[in-house]
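Next comes query_16.pdb, with PDB, C-alpha atoms and all ligand atoms.
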ATOM      1  CA  MET A1240      -8.283 -20.445  -6.560
ATOM      2  CA  THR A1241      -8.045 -22.445  -3.348
ATOM      3  CA  THR A1242      -8.305 -19.648  -0.798
ATOM      4  CA  THR A1243     -10.333 -16.468  -0.446
ATOM      5  CA  LEU A1244      -9.097 -12.938   0.055
ATOM      6  CA  ILE A1245     -11.419 -11.105   2.416
ATOM      7  CA  THR A1246     -11.319  -7.323   2.511
ATOM      8  CA  VAL A1247     -13.106  -5.441   5.237
ATOM      9  CA  ALA A1248     -14.452  -1.972   4.447
ATOM     10  CA  PRO A1249     -15.381  -0.919   7.976
ATOM     11  CA  THR A1250     -16.502   2.706   7.690
ATOM     12  CA  GLY A1251     -16.995   4.265   4.227
ATOM     13  CA  ALA A1252     -18.002   7.865   3.739
ATOM     14  CA  GLU A1253     -21.763   7.619   3.475
ATOM     15  CA  ASN A1254     -23.216   6.113   6.662
ATOM     16  CA  ARG A1255     -23.662   8.321   9.708
ATOM     17  CA  LYS A1256     -22.534   7.305  13.182
ATOM     18  CA  THR A1257     -25.886   8.488  14.558
ATOM     19  CA  ASP A1258     -27.704   6.006  12.280
ATOM     20  CA  VAL A1259     -25.127   3.199  12.580
ATOM     21  CA  PRO A1260     -23.639   3.199  16.101
ATOM     22  CA  ALA A1261     -21.365   0.232  15.262
ATOM     23  CA  LEU A1262     -19.513   2.334  12.664
ATOM     24  CA  PRO A1263     -15.837   2.788  13.670
ATOM     25  CA  VAL A1264     -15.128   6.528  13.415
ATOM     26  CA  THR A1265     -12.225   7.172  15.815
ATOM     27  CA  LEU A1266      -8.715   5.825  15.319
ATOM     28  CA  ASP A1267      -9.101   3.642  18.404
ATOM     29  CA  GLU A1268     -12.358   2.196  17.084
ATOM     30  CA  LEU A1269     -10.741   1.600  13.688
ATOM     31  CA  VAL A1270      -7.750  -0.234  15.170
ATOM     32  CA  THR A1271      -9.962  -2.381  17.420
ATOM     33  CA  THR A1272     -12.166  -3.216  14.437
ATOM     34  CA  ALA A1273      -9.108  -4.078  12.355
ATOM     35  CA  ARG A1274      -7.769  -6.450  15.023
ATOM     36  CA  ASP A1275     -11.167  -8.125  15.432
ATOM     37  CA  CYS A1276     -11.594  -8.554  11.681
ATOM     38  CA  GLU A1277      -8.092  -9.938  11.201
ATOM     39  CA  ALA A1278      -8.816 -12.514  13.907
ATOM     40  CA  VAL A1279     -11.794 -13.851  11.943
ATOM     41  CA  GLY A1280     -10.307 -13.912   8.459
ATOM     42  CA  ALA A1281      -9.787 -10.463   6.903
ATOM     43  CA  SER A1282      -6.471  -9.821   5.167
ATOM     44  CA  VAL A1283      -7.054  -6.340   3.686
ATOM     45  CA  ILE A1284      -8.636  -3.247   5.256
ATOM     46  CA  HIS A1285     -10.161  -0.567   2.985
ATOM     47  CA  VAL A1286      -9.960   2.639   4.987
ATOM     48  CA  HIS A1287     -12.050   5.826   5.018
ATOM     49  CA  LEU A1288     -11.478   8.139   7.984
ATOM     50  CA  ARG A1289     -13.758  10.447   9.930
ATOM     51  CA  ASP A1290     -12.962  13.707  11.751
ATOM     52  CA  ASP A1291     -13.794  14.629  15.354
ATOM     53  CA  LYS A1292     -17.417  15.190  14.330
ATOM     54  CA  ALA A1293     -17.506  11.768  12.641
ATOM     55  CA  GLU A1294     -17.683  13.429   9.202
ATOM     56  CA  PRO A1295     -15.601  12.004   6.312
ATOM     57  CA  THR A1296     -12.107  13.482   6.026
ATOM     58  CA  LEU A1297      -9.056  13.073   3.799
ATOM     59  CA  ASP A1298      -6.792  14.918   6.242
ATOM     60  CA  LEU A1299      -3.257  13.751   5.447
ATOM     61  CA  GLY A1300      -2.071  13.763   9.068
ATOM     62  CA  ARG A1301      -4.940  11.516  10.120
ATOM     63  CA  LEU A1302      -4.368   9.206   7.153
ATOM     64  CA  THR A1303      -0.656   8.910   7.937
ATOM     65  CA  ASP A1304      -1.400   8.178  11.598
ATOM     66  CA  ALA A1305      -3.992   5.571  10.640
ATOM     67  CA  VAL A1306      -1.577   3.749   8.317
ATOM     68  CA  ALA A1307       1.039   3.637  11.115
ATOM     69  CA  ALA A1308      -1.451   2.532  13.788
ATOM     70  CA  LEU A1309      -2.948  -0.237  11.642
ATOM     71  CA  ARG A1310       0.532  -1.518  10.713
ATOM     72  CA  GLU A1311       1.581  -1.557  14.350
ATOM     73  CA  ALA A1312      -1.541  -3.325  15.623
ATOM     74  CA  THR A1313      -2.222  -5.774  12.782
ATOM     75  CA  GLY A1314      -0.697  -7.623   9.858
ATOM     76  CA  LEU A1315      -3.480  -6.430   7.566
ATOM     77  CA  ILE A1316      -2.736  -4.919   4.177
ATOM     78  CA  VAL A1317      -3.670  -1.250   4.512
ATOM     79  CA  GLN A1318      -5.648   0.076   1.569
ATOM     80  CA  LEU A1319      -6.610   3.750   1.659
ATOM     81  CA  SER A1320      -9.632   4.994  -0.257
ATOM     82  CA  THR A1321      -8.875   7.611  -2.901
ATOM     83  CA  GLY A1322     -12.602   7.706  -3.618
ATOM     84  CA  GLY A1323     -13.328   9.559  -0.396
ATOM     85  CA  ALA A1324     -16.764  11.158  -0.335
ATOM     86  CA  VAL A1325     -18.549  12.432  -3.462
ATOM     87  CA  THR A1326     -17.784  15.999  -2.349
ATOM     88  CA  ASP A1327     -13.994  15.527  -2.093
ATOM     89  CA  PRO A1328     -11.909  17.479  -4.633
ATOM     90  CA  GLU A1329      -9.468  15.631  -6.899
ATOM     91  CA  ALA A1330      -6.393  17.269  -5.323
ATOM     92  CA  ASP A1331      -7.339  15.923  -1.870
ATOM     93  CA  ARG A1332      -8.003  12.473  -3.324
ATOM     94  CA  LEU A1333      -4.569  12.425  -5.000
ATOM     95  CA  ARG A1334      -2.887  13.589  -1.784
ATOM     96  CA  VAL A1335      -4.095  10.413  -0.019
ATOM     97  CA  LEU A1336      -1.154   8.622  -1.672
ATOM     98  CA  ASP A1337       1.262  10.774   0.370
ATOM     99  CA  ALA A1338       0.266   8.689   3.414
ATOM    100  CA  ARG A1339       2.130   5.787   1.736
ATOM    101  CA  PRO A1340      -0.327   2.911   2.204
ATOM    102  CA  ASP A1341       0.317  -0.603   0.860
ATOM    103  CA  MET A1342      -2.647  -0.215  -1.474
ATOM    104  CA  ALA A1343      -5.120   2.419  -2.588
ATOM    105  CA  SER A1344      -8.420   2.253  -4.388
ATOM    106  CA  CYS A1345      -8.691   3.649  -7.922
ATOM    107  CA  THR A1346     -12.163   3.910  -9.457
ATOM    108  CA  MET A1347     -12.447   3.325 -13.188
ATOM    109  CA  GLY A1348     -15.083   5.870 -14.155
ATOM    110  CA  THR A1349     -17.801   8.324 -13.249
ATOM    111  CA  VAL A1350     -21.017   6.875 -11.896
ATOM    112  CA  ASN A1351     -24.301   8.229 -10.605
ATOM    113  CA  PHE A1352     -24.267   7.612  -6.862
ATOM    114  CA  GLY A1353     -27.797   7.830  -5.500
ATOM    115  CA  ASP A1354     -28.713  11.511  -5.922
ATOM    116  CA  ASP A1355     -25.019  12.433  -6.302
ATOM    117  CA  VAL A1356     -22.292  11.879  -8.879
ATOM    118  CA  PHE A1357     -19.046  10.065  -8.075
ATOM    119  CA  LEU A1358     -16.716  11.822 -10.503
ATOM    120  CA  ASN A1359     -13.714   9.980 -11.955
ATOM    121  CA  ARG A1360     -12.483  11.658 -15.135
ATOM    122  CA  TRP A1361     -10.106   9.768 -17.447
ATOM    123  CA  GLU A1362      -7.244  12.238 -16.782
ATOM    124  CA  PHE A1363      -7.727  11.830 -13.029
ATOM    125  CA  ILE A1364      -7.712   8.036 -13.304
ATOM    126  CA  VAL A1365      -4.452   8.174 -15.299
ATOM    127  CA  GLU A1366      -2.881  10.494 -12.732
ATOM    128  CA  LEU A1367      -3.804   8.170  -9.847
ATOM    129  CA  HIS A1368      -2.542   5.108 -11.721
ATOM    130  CA  LEU A1369       0.800   6.767 -12.626
ATOM    131  CA  ARG A1370       1.414   8.126  -9.124
ATOM    132  CA  MET A1371       0.748   4.697  -7.619
ATOM    133  CA  GLN A1372       3.101   3.109 -10.140
ATOM    134  CA  GLU A1373       5.866   5.618  -9.240
ATOM    135  CA  ARG A1374       5.443   5.139  -5.498
ATOM    136  CA  GLY A1375       5.029   1.380  -5.410
ATOM    137  CA  ILE A1376       1.444   1.537  -4.117
ATOM    138  CA  VAL A1377      -0.657  -1.387  -5.337
ATOM    139  CA  PRO A1378      -4.046  -0.322  -6.701
ATOM    140  CA  GLU A1379      -7.376  -1.991  -6.229
ATOM    141  CA  TYR A1380      -9.393  -0.979  -9.289
ATOM    142  CA  GLU A1381     -12.958  -0.233  -8.198
ATOM    143  CA  ILE A1382     -15.584  -1.191 -10.772
ATOM    144  CA  PHE A1383     -19.102   0.214 -10.385
ATOM    145  CA  ASP A1384     -20.319  -0.667 -13.874
ATOM    146  CA  LEU A1385     -19.430  -3.167 -16.608
ATOM    147  CA  GLY A1386     -17.938  -0.578 -18.990
ATOM    148  CA  GLN A1387     -15.410   0.423 -16.341
ATOM    149  CA  LEU A1388     -13.630  -2.883 -17.004
ATOM    150  CA  THR A1389     -13.098  -1.674 -20.581
ATOM    151  CA  THR A1390     -11.685   1.569 -19.178
ATOM    152  CA  LEU A1391      -9.295  -0.514 -17.065
ATOM    153  CA  ALA A1392      -8.176  -2.480 -20.140
ATOM    154  CA  ARG A1393      -7.498   0.848 -21.906
ATOM    155  CA  LEU A1394      -5.593   2.195 -18.883
ATOM    156  CA  LEU A1395      -3.320  -0.853 -18.661
ATOM    157  CA  ASP A1396      -2.805  -0.888 -22.414
ATOM    158  CA  LYS A1397      -1.746   2.766 -22.513
ATOM    159  CA  HIS A1398       0.071   3.094 -19.192
ATOM    160  CA  GLY A1399       1.276  -0.365 -18.207
ATOM    161  CA  LEU A1400       0.738  -2.739 -15.321
ATOM    162  CA  PRO A1401       0.389  -1.476 -11.745
ATOM    163  CA  ALA A1402       3.073  -1.639  -9.075
ATOM    164  CA  GLY A1403       3.674  -5.286  -8.198
ATOM    165  CA  GLY A1404       2.567  -6.432 -11.660
ATOM    166  CA  HIS A1405      -0.700  -8.024 -10.518
ATOM    167  CA  VAL A1406      -4.132  -6.675 -11.473
ATOM    168  CA  HIS A1407      -6.856  -6.879  -8.832
ATOM    169  CA  VAL A1408     -10.334  -5.420  -9.243
ATOM    170  CA  ASP A1409     -13.194  -4.988  -6.812
ATOM    171  CA  LEU A1410     -16.750  -5.108  -8.154
ATOM    172  CA  VAL A1411     -18.896  -2.673  -6.179
ATOM    173  CA  MET A1412     -22.425  -3.749  -7.026
ATOM    174  CA  GLY A1413     -25.865  -2.420  -6.196
ATOM    175  CA  VAL A1414     -25.032   1.296  -5.946
ATOM    176  CA  PRO A1415     -28.095   3.215  -7.206
ATOM    177  CA  GLY A1416     -26.674   4.357 -10.554
ATOM    178  CA  GLY A1417     -24.219   1.497 -11.052
ATOM    179  CA  MET A1418     -24.552  -2.153 -12.007
ATOM    180  CA  PRO A1419     -26.998  -4.302 -10.026
ATOM    181  CA  GLY A1420     -25.879  -6.809  -7.401
ATOM    182  CA  THR A1421     -27.026  -9.890  -9.281
ATOM    183  CA  VAL A1422     -25.601 -13.241 -10.332
ATOM    184  CA  ALA A1423     -25.964 -12.150 -13.976
ATOM    185  CA  ALA A1424     -23.914  -9.005 -13.366
ATOM    186  CA  VAL A1425     -21.187 -10.971 -11.542
ATOM    187  CA  ALA A1426     -21.080 -13.415 -14.477
ATOM    188  CA  ALA A1427     -20.879 -10.562 -17.020
ATOM    189  CA  CYS A1428     -17.979  -8.998 -15.119
ATOM    190  CA  GLU A1429     -16.214 -12.345 -14.757
ATOM    191  CA  ALA A1430     -16.422 -12.807 -18.539
ATOM    192  CA  ALA A1431     -15.047  -9.298 -19.172
ATOM    193  CA  ILE A1432     -12.215  -9.829 -16.654
ATOM    194  CA  LYS A1433     -10.977 -12.683 -18.847
ATOM    195  CA  ASP A1434      -9.931  -9.952 -21.365
ATOM    196  CA  LEU A1435      -7.646  -8.330 -18.763
ATOM    197  CA  PRO A1436      -4.047  -9.523 -18.183
ATOM    198  CA  ALA A1437      -3.693 -13.213 -17.309
ATOM    199  CA  GLY A1438      -3.996 -13.821 -13.585
ATOM    200  CA  THR A1439      -6.254 -10.806 -12.921
ATOM    201  CA  THR A1440      -8.251 -11.439  -9.747
ATOM    202  CA  PHE A1441     -11.480  -9.906  -8.532
ATOM    203  CA  SER A1442     -13.397  -9.442  -5.339
ATOM    204  CA  ALA A1443     -17.008  -8.359  -5.111
ATOM    205  CA  THR A1444     -19.263  -6.575  -2.686
ATOM    206  CA  GLY A1445     -22.990  -5.998  -2.868
ATOM    207  CA  ILE A1446     -24.494  -2.883  -1.322
ATOM    208  CA  GLY A1447     -27.394  -3.373   1.076
ATOM    209  CA  ARG A1448     -29.639  -6.321   0.365
ATOM    210  CA  SER A1449     -27.490  -7.442  -2.568
ATOM    211  CA  SER A1450     -24.621  -8.292  -0.197
ATOM    212  CA  LEU A1451     -25.457 -12.000   0.239
ATOM    213  CA  PRO A1452     -26.317 -12.782  -3.414
ATOM    214  CA  VAL A1453     -23.102 -11.067  -4.528
ATOM    215  CA  LEU A1454     -21.026 -12.836  -1.880
ATOM    216  CA  LEU A1455     -22.340 -16.250  -2.927
ATOM    217  CA  ALA A1456     -22.033 -15.491  -6.657
ATOM    218  CA  SER A1457     -18.479 -14.256  -6.258
ATOM    219  CA  LEU A1458     -17.424 -17.376  -4.370
ATOM    220  CA  ALA A1459     -19.087 -19.550  -7.018
ATOM    221  CA  ALA A1460     -17.287 -17.649  -9.788
ATOM    222  CA  GLY A1461     -13.867 -18.051  -8.159
ATOM    223  CA  GLY A1462     -13.833 -14.473  -6.895
ATOM    224  CA  HIS A1463     -12.877 -12.929  -3.573
ATOM    225  CA  LEU A1464     -14.965 -11.001  -1.053
ATOM    226  CA  ARG A1465     -15.336  -7.547   0.408
ATOM    227  CA  VAL A1466     -17.651  -6.997   3.351
ATOM    228  CA  GLY A1467     -18.168  -4.294   5.965
ATOM    229  CA  LEU A1468     -20.322  -1.488   7.281
ATOM    230  CA  GLU A1469     -19.294   0.718   4.341
ATOM    231  CA  ASP A1470     -21.578  -1.463   2.208
ATOM    232  CA  THR A1471     -23.936  -3.342   4.527
ATOM    233  CA  VAL A1472     -25.647  -2.138   7.697
ATOM    234  CA  THR A1473     -28.352  -4.815   7.997
ATOM    235  CA  TYR A1474     -27.319  -8.383   8.856
ATOM    236  CA  ALA A1475     -30.729  -9.926   8.275
ATOM    237  CA  LYS A1476     -34.250  -8.547   8.020
ATOM    238  CA  GLY A1477     -34.795  -6.239  11.002
ATOM    239  CA  GLN A1478     -31.352  -7.026  12.443
ATOM    240  CA  PRO A1479     -28.682  -4.313  12.299
ATOM    241  CA  VAL A1480     -25.074  -5.410  11.833
ATOM    242  CA  GLU A1481     -23.445  -5.580  15.278
ATOM    243  CA  SER A1482     -19.863  -5.190  14.123
ATOM    244  CA  ASN A1483     -17.626  -5.443  11.093
ATOM    245  CA  ALA A1484     -16.187  -8.642  12.544
ATOM    246  CA  GLN A1485     -19.676 -10.173  12.430
ATOM    247  CA  LEU A1486     -19.722  -9.622   8.645
ATOM    248  CA  VAL A1487     -16.161 -10.904   8.187
ATOM    249  CA  ALA A1488     -16.959 -14.003  10.265
ATOM    250  CA  ARG A1489     -20.005 -14.713   8.088
ATOM    251  CA  ALA A1490     -17.911 -14.286   4.917
ATOM    252  CA  SER A1491     -15.208 -16.583   6.315
ATOM    253  CA  GLY A1492     -17.839 -19.198   7.129
ATOM    254  CA  PHE A1493     -19.204 -19.148   3.579
ATOM    255  CA  ALA A1494     -15.657 -19.272   2.172
ATOM    256  CA  ARG A1495     -14.879 -22.347   4.277
ATOM    257  CA  LEU A1496     -18.104 -24.022   3.155
ATOM    258  CA  ALA A1497     -17.023 -23.335  -0.430
ATOM    259  CA  GLN A1498     -13.739 -25.145   0.342
ATOM    260  CA  ARG A1499     -11.875 -21.866  -0.128
ATOM    261  CA  PRO A1500     -10.883 -20.776   3.381
ATOM    262  CA  PRO A1501      -9.752 -17.195   4.078
ATOM    263  CA  MET A1502      -6.188 -16.466   3.065
ATOM    264  CA  THR A1503      -3.696 -15.028   5.518
ATOM    265  CA  ALA A1504      -2.395 -11.509   5.073
ATOM    266  CA  GLY A1505       0.927 -13.038   3.973
ATOM    267  CA  GLN A1506      -0.790 -15.052   1.252
ATOM    268  CA  ALA A1507      -2.720 -11.948   0.213
ATOM    269  CA  ARG A1508       0.508  -9.936  -0.064
ATOM    270  CA  GLU A1509       1.934 -12.604  -2.325
ATOM    271  CA  LEU A1510      -1.217 -12.728  -4.471
ATOM    272  CA  LEU A1511      -1.456  -8.954  -4.887
ATOM    273  CA  GLY A1512       2.242  -8.459  -5.549
ATOM    274  CA  ILE A1513       2.765  -6.291  -2.474
ATOM    275  CA  ASP A1514       5.925  -8.166  -1.544
ATOM    276  CA  ARG A1515       7.327  -7.347  -4.961
ATOM    277  CA  VAL A1516       7.140  -3.534  -4.686
TER     278      VAL A1516
HETATM  279  N1  LIG B   1     -17.491   6.813  -1.100
HETATM  280  C1  LIG B   1     -17.663   6.659  -2.497
HETATM  281  C2  LIG B   1     -18.061   7.975  -3.124
HETATM  282  C3  LIG B   1     -13.517   4.166  -2.872
HETATM  283  O1  LIG B   1     -13.430   4.056  -1.666
HETATM  284  O2  LIG B   1     -12.537   4.219  -3.613
HETATM  285  C4  LIG B   1     -16.449   6.157  -3.182
HETATM  286  C5  LIG B   1     -15.860   4.932  -2.654
HETATM  287  C6  LIG B   1     -14.862   4.265  -3.523
HETATM  288  O3  LIG B   1     -16.116   4.476  -1.559
HETATM  289 ZN    ZN B   2     -14.618   3.038  -0.169
END

Let me see whether you can do it: turn the structure in this file into structure tokens.
Amino acid sequence: MTTTLITVAPTGAENRKTDVPALPVTLDELVTTARDCEAVGASVIHVHLRDDKAEPTLDLGRLTDAVAALREATGLIVQLSTGGAVTDPEADRLRVLDARPDMASCTMGTVNFGDDVFLNRWEFIVELHLRMQERGIVPEYEIFDLGQLTTLARLLDKHGLPAGGHVHVDLVMGVPGGMPGTVAAVAACEAAIKDLPAGTTFSATGIGRSSLPVLLASLAAGGHLRVGLEDTVTYAKGQPVESNAQLVARASGFARLAQRPPMTAGQARELLGIDRV
């Protein structure tokens, strides 16, 4: 791999605007963030939306508007979260696909999520996978624990390759209840990914203080990167993140040092098979 795909996850569903003022919660803030992050090396944006009170929402009208606004303002690949918040019902999470993004996330199993449970039943996973296949939406398979890679292998075996034919996974590491954000865990996942279809790619993100170790381990293992305020609100000890672009710029810098500069959105589309759907 000679270049690095950088995904920005600017908002998430967990952090509060009152605690993290840099969090983009309005559509204007999201579009500005997207432009800024594209300028410093992001090629994919993983989107969670907020309502007028800055609470997480899966409102279809807002999602549809966000997809249109991001496409108009940037060349970024628009990936909507179907994970939502832990409280979101399955029907609302499935309806996200009606907003017709380029990509959508698809989590490969249930995981304890701090004091909560992020529920992803097998039947729900299959339904998401099949609907994305039908509609030509490219999935990013979210992996919170090693065994979820085995679930992905089972899914592909039983229900076929995703739209576009390319398999891309994102390792979400360091969630309390999931796998740790360590070099050993990245290496274990990399080994398990070798059992998935040839050409499968992965990115990785480490929550909180695991963000830098995971970023460096992923680059070293030939993986790609996800960064953003969804996962990381502290830039360095005692220093809050100023903006999503600050995190993307840092990731781009490390990628360049690793002789794997950020890929353009066009290169990312080619890699992920988005041009083929
Ligand atoms: N907010 C988490 C419960 C995804 O976006 O697909 C789920 C999540 C995964 O963030
Ligand atoms: Zn997310």

- Task: Could you state which residues are captured by the PyMOL selection byres (((not hetatm)) within 7 of (chain B and resi 2)) in this file, as a list in words?
- Result: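 Against this file, the PyMOL selection byres (((not hetatm)) within 7 of (chain B and resi 2)) returns the residues Ala1248, Gly1251, His1285, Val1286, His1287, Ser1320, Gly1322, Gly1323 and Glu1469 of chain A.
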
Counting all atoms listed in the file, which residues of chain A fall within 7 Å of ligand LIG 1 (chain B), and what is the closest atom pair for each with its distance in Å at one decimal, ordered by chain and rising number, as a tab-separated table?
residue	atom	partner	partner_atom	distance
A:Gly1251	CA	B:LIG1	O3	5.9
A:Ala1252	CA	B:LIG1	N1	5.0
A:Glu1253	CA	B:LIG1	N1	6.3
A:Ser1320	CA	B:LIG1	O1	4.2
A:Thr1321	CA	B:LIG1	O2	5.0
A:Gly1322	CA	B:LIG1	O2	3.5
A:Gly1323	CA	B:LIG1	N1	5.0
A:Ala1324	CA	B:LIG1	C2	4.4
A:Val1325	CA	B:LIG1	C2	4.5
A:Ser1344	CA	B:LIG1	O2	4.6
A:Cys1345	CA	B:LIG1	O2	5.8
A:Thr1346	CA	B:LIG1	O2	5.9
A:Phe1357	CA	B:LIG1	C2	5.5
A:Glu1381	CA	B:LIG1	O2	6.4

Generate a file of the selected residues that holds C-alpha atoms, formatted as a short mmCIF file (atom, residue, chain, number, x, y, z; two decimals), keeping the file's coordinate frame.
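again-v3.cif, freshly written:
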data_model
loop_
_atom_site.label_atom_id
_atom_site.label_comp_id
_atom_site.auth_asym_id
_atom_site.auth_seq_id
_atom_site.Cartn_x
_atom_site.Cartn_y
_atom_site.Cartn_z
CA GLY A 1251 -17.00 4.26 4.23
CA ALA A 1252 -18.00 7.86 3.74
CA GLU A 1253 -21.76 7.62 3.48
CA SER A 1320 -9.63 4.99 -0.26
CA THR A 1321 -8.88 7.61 -2.90
CA GLY A 1322 -12.60 7.71 -3.62
CA GLY A 1323 -13.33 9.56 -0.40
CA ALA A 1324 -16.76 11.16 -0.34
CA VAL A 1325 -18.55 12.43 -3.46
CA SER A 1344 -8.42 2.25 -4.39
CA CYS A 1345 -8.69 3.65 -7.92
CA THR A 1346 -12.16 3.91 -9.46
CA PHE A 1357 -19.05 10.06 -8.07
CA GLU A 1381 -12.96 -0.23 -8.20
#

- List the residues matched by the PyMOL selection byres (((chain A and resi 1418-1423) around 10) and not hetatm) in the displayed structure as an MDAnalysis selection string, ordered by chain and then by residue number. chainID A and resid 1350 1382:1386 1410:1417 1424:1429 1443:1457 1459:1460

Picked residues, the PyMOL selection byres (((chain A and resi 1360) around 12) and not hetatm), as a PDB file with C-alpha atoms, in the coordinates of the input:
ATOM      1  CA  GLU A1329      -9.468  15.631  -6.899  1.00  0.00           C
ATOM      2  CA  CYS A1345      -8.691   3.649  -7.922  1.00  0.00           C
ATOM      3  CA  THR A1346     -12.163   3.910  -9.457  1.00  0.00           C
ATOM      4  CA  MET A1347     -12.447   3.325 -13.188  1.00  0.00           C
ATOM      5  CA  GLY A1348     -15.083   5.870 -14.155  1.00  0.00           C
ATOM      6  CA  THR A1349     -17.801   8.324 -13.249  1.00  0.00           C
ATOM      7  CA  VAL A1350     -21.017   6.875 -11.896  1.00  0.00           C
ATOM      8  CA  VAL A1356     -22.292  11.879  -8.879  1.00  0.00           C
ATOM      9  CA  PHE A1357     -19.046  10.065  -8.075  1.00  0.00           C
ATOM     10  CA  LEU A1358     -16.716  11.822 -10.503  1.00  0.00           C
ATOM     11  CA  ASN A1359     -13.714   9.980 -11.955  1.00  0.00           C
ATOM     12  CA  TRP A1361     -10.106   9.768 -17.447  1.00  0.00           C
ATOM     13  CA  GLU A1362      -7.244  12.238 -16.782  1.00  0.00           C
ATOM     14  CA  PHE A1363      -7.727  11.830 -13.029  1.00  0.00           C
ATOM     15  CA  ILE A1364      -7.712   8.036 -13.304  1.00  0.00           C
ATOM     16  CA  VAL A1365      -4.452   8.174 -15.299  1.00  0.00           C
ATOM     17  CA  GLU A1366      -2.881  10.494 -12.732  1.00  0.00           C
ATOM     18  CA  LEU A1367      -3.804   8.170  -9.847  1.00  0.00           C
ATOM     19  CA  GLN A1387     -15.410   0.423 -16.341  1.00  0.00           C
ATOM     20  CA  THR A1390     -11.685   1.569 -19.178  1.00  0.00           C
TER      21      THR A1390
END

- Message: Env of region 1262-1265 of chain A: 6 Å cut, atoms = all atoms listed in the file, seq-sep filter 6 positions within chain, self excluded. Answer as a ChimeraX atom specification.
- Response: /A:1250,1256,1289,1293

- Closest to Arg1374 (chain A) among A:Thr1440, A:Ala1392, A:Met1342, A:Ala1261, using all atoms listed in the file? A:Met1342

- Message: Which residues are near Leu1309 (chain A)? Cut-off 10 Å, only C-alpha atoms, ignore same chain within fewer than 6 positions. Put them as a list in words.
- Response: Leu1266, Asp1267, Leu1269, Val1270, Thr1271, Ala1273, Arg1274, Ile1284, Leu1315, Ile1316 and Val1317 of chain A

- Message: Counting only C-alpha atoms, which residues sit no farther than 8 Å from the position (-4.5, 17.3, 3.5) in the file's frame? I'd like them as an NGL selection string.
- Response: :A and (1297-1300 or 1331 or 1334-1335)

- What gap, in Å, lies between CA of Arg1255 (chain A) and CA of Pro1295 (chain A)?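 The value is 9.5 Å.
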
- Enter the distance from CA of Asn1483 (chain A) to CA of Val1247 (chain A), in Å, rounded to one decimal.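 A separation of 7.4 Å between them.
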
- Interatomic distance between CA of Val1466 (chain A) and CA of Pro1249 (chain A)? 8.0 Å

If the box runs along x, y and z of the file and leaves 6 Å on each side of region 1325-1341 of chain A, what are its centre and edge lengths in Å, one decimal, as AutoDock Vina command-line options?
--center_x -8.2 --center_y 8.4 --center_z -1.7 --size_x 32.7 --size_y 30.1 --size_z 22.3

- Around the point (-6.8, -12.2, -17.8), in the coordinates given by the file, pick out the residues reaching within 12 Å, counting all atoms listed in the file, and return them as a ChimeraX atom specification. /A:1388,1391-1392,1395,1405-1408,1428-1441

- Task: Point out the residue among A:Ala1475, A:Ala1338, A:Leu1458, A:Leu1486 with the least atom-to-atom distance to Pro1500 (chain A), counting only C-alpha atoms.
- Result: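 Once distances to Pro1500 (chain A) are computed over only C-alpha atoms, the minimum belongs to A:Leu1458.
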
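Closest approach to Thr1246 (chain A) from the set A:Thr1272, A:Thr1296, A:Gln1372, A:Gln1318 is made by A:Gln1318, with distances taken over all atoms listed in the file.
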
- Which is closer to Ser1491 (chain A) than all the others in A:Val1259, A:Pro1479, A:Leu1464, A:Pro1340, using only C-alpha atoms?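 With only C-alpha atoms as the atom set, the closest residue is A:Leu1464.
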
- Message: Let me make sure I understand: among A:Ala1281, A:Arg1310, A:Asp1409, A:Phe1352, which one has the smallest atom-to-atom distance to Pro1378 (chain A) if we use all atoms listed in the file?
- Response: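 When distances to Pro1378 (chain A) are compared using all atoms listed in the file, the smallest one comes from A:Asp1409.
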
- Query: Quick one: of A:Ala1488, A:Val1472, A:Ala1307, A:Ile1376, who's nearest to Asp1341 (chain A), counting only C-alpha atoms?
  - Reply: A:Ile1376

Rebuild region 1308-1313 of chain A to N, CA, C and O atoms - output it as a PDB file, in the frame of the given file, please.
ATOM      1  N   ALA A1308      -0.778   3.246  12.690  1.00  0.00           N
ATOM      2  CA  ALA A1308      -1.451   2.532  13.788  1.00  0.00           C
ATOM      3  C   ALA A1308      -1.927   1.149  13.331  1.00  0.00           C
ATOM      4  O   ALA A1308      -1.810   0.167  14.080  1.00  0.00           O
ATOM      5  N   LEU A1309      -2.457   1.066  12.135  1.00  0.00           N
ATOM      6  CA  LEU A1309      -2.948  -0.237  11.642  1.00  0.00           C
ATOM      7  C   LEU A1309      -1.781  -1.194  11.413  1.00  0.00           C
ATOM      8  O   LEU A1309      -1.884  -2.389  11.698  1.00  0.00           O
ATOM      9  N   ARG A1310      -0.647  -0.657  10.932  1.00  0.00           N
ATOM     10  CA  ARG A1310       0.532  -1.518  10.713  1.00  0.00           C
ATOM     11  C   ARG A1310       1.078  -2.023  12.044  1.00  0.00           C
ATOM     12  O   ARG A1310       1.532  -3.151  12.142  1.00  0.00           O
ATOM     13  N   GLU A1311       1.033  -1.150  13.047  1.00  0.00           N
ATOM     14  CA  GLU A1311       1.581  -1.557  14.350  1.00  0.00           C
ATOM     15  C   GLU A1311       0.695  -2.620  15.009  1.00  0.00           C
ATOM     16  O   GLU A1311       1.184  -3.568  15.603  1.00  0.00           O
ATOM     17  N   ALA A1312      -0.611  -2.460  14.871  1.00  0.00           N
ATOM     18  CA  ALA A1312      -1.541  -3.325  15.623  1.00  0.00           C
ATOM     19  C   ALA A1312      -1.923  -4.596  14.886  1.00  0.00           C
ATOM     20  O   ALA A1312      -2.416  -5.545  15.510  1.00  0.00           O
ATOM     21  N   THR A1313      -1.748  -4.616  13.563  1.00  0.00           N
ATOM     22  CA  THR A1313      -2.222  -5.774  12.782  1.00  0.00           C
ATOM     23  C   THR A1313      -1.236  -6.108  11.674  1.00  0.00           C
ATOM     24  O   THR A1313      -0.340  -5.322  11.363  1.00  0.00           O
TER      25      THR A1313
END
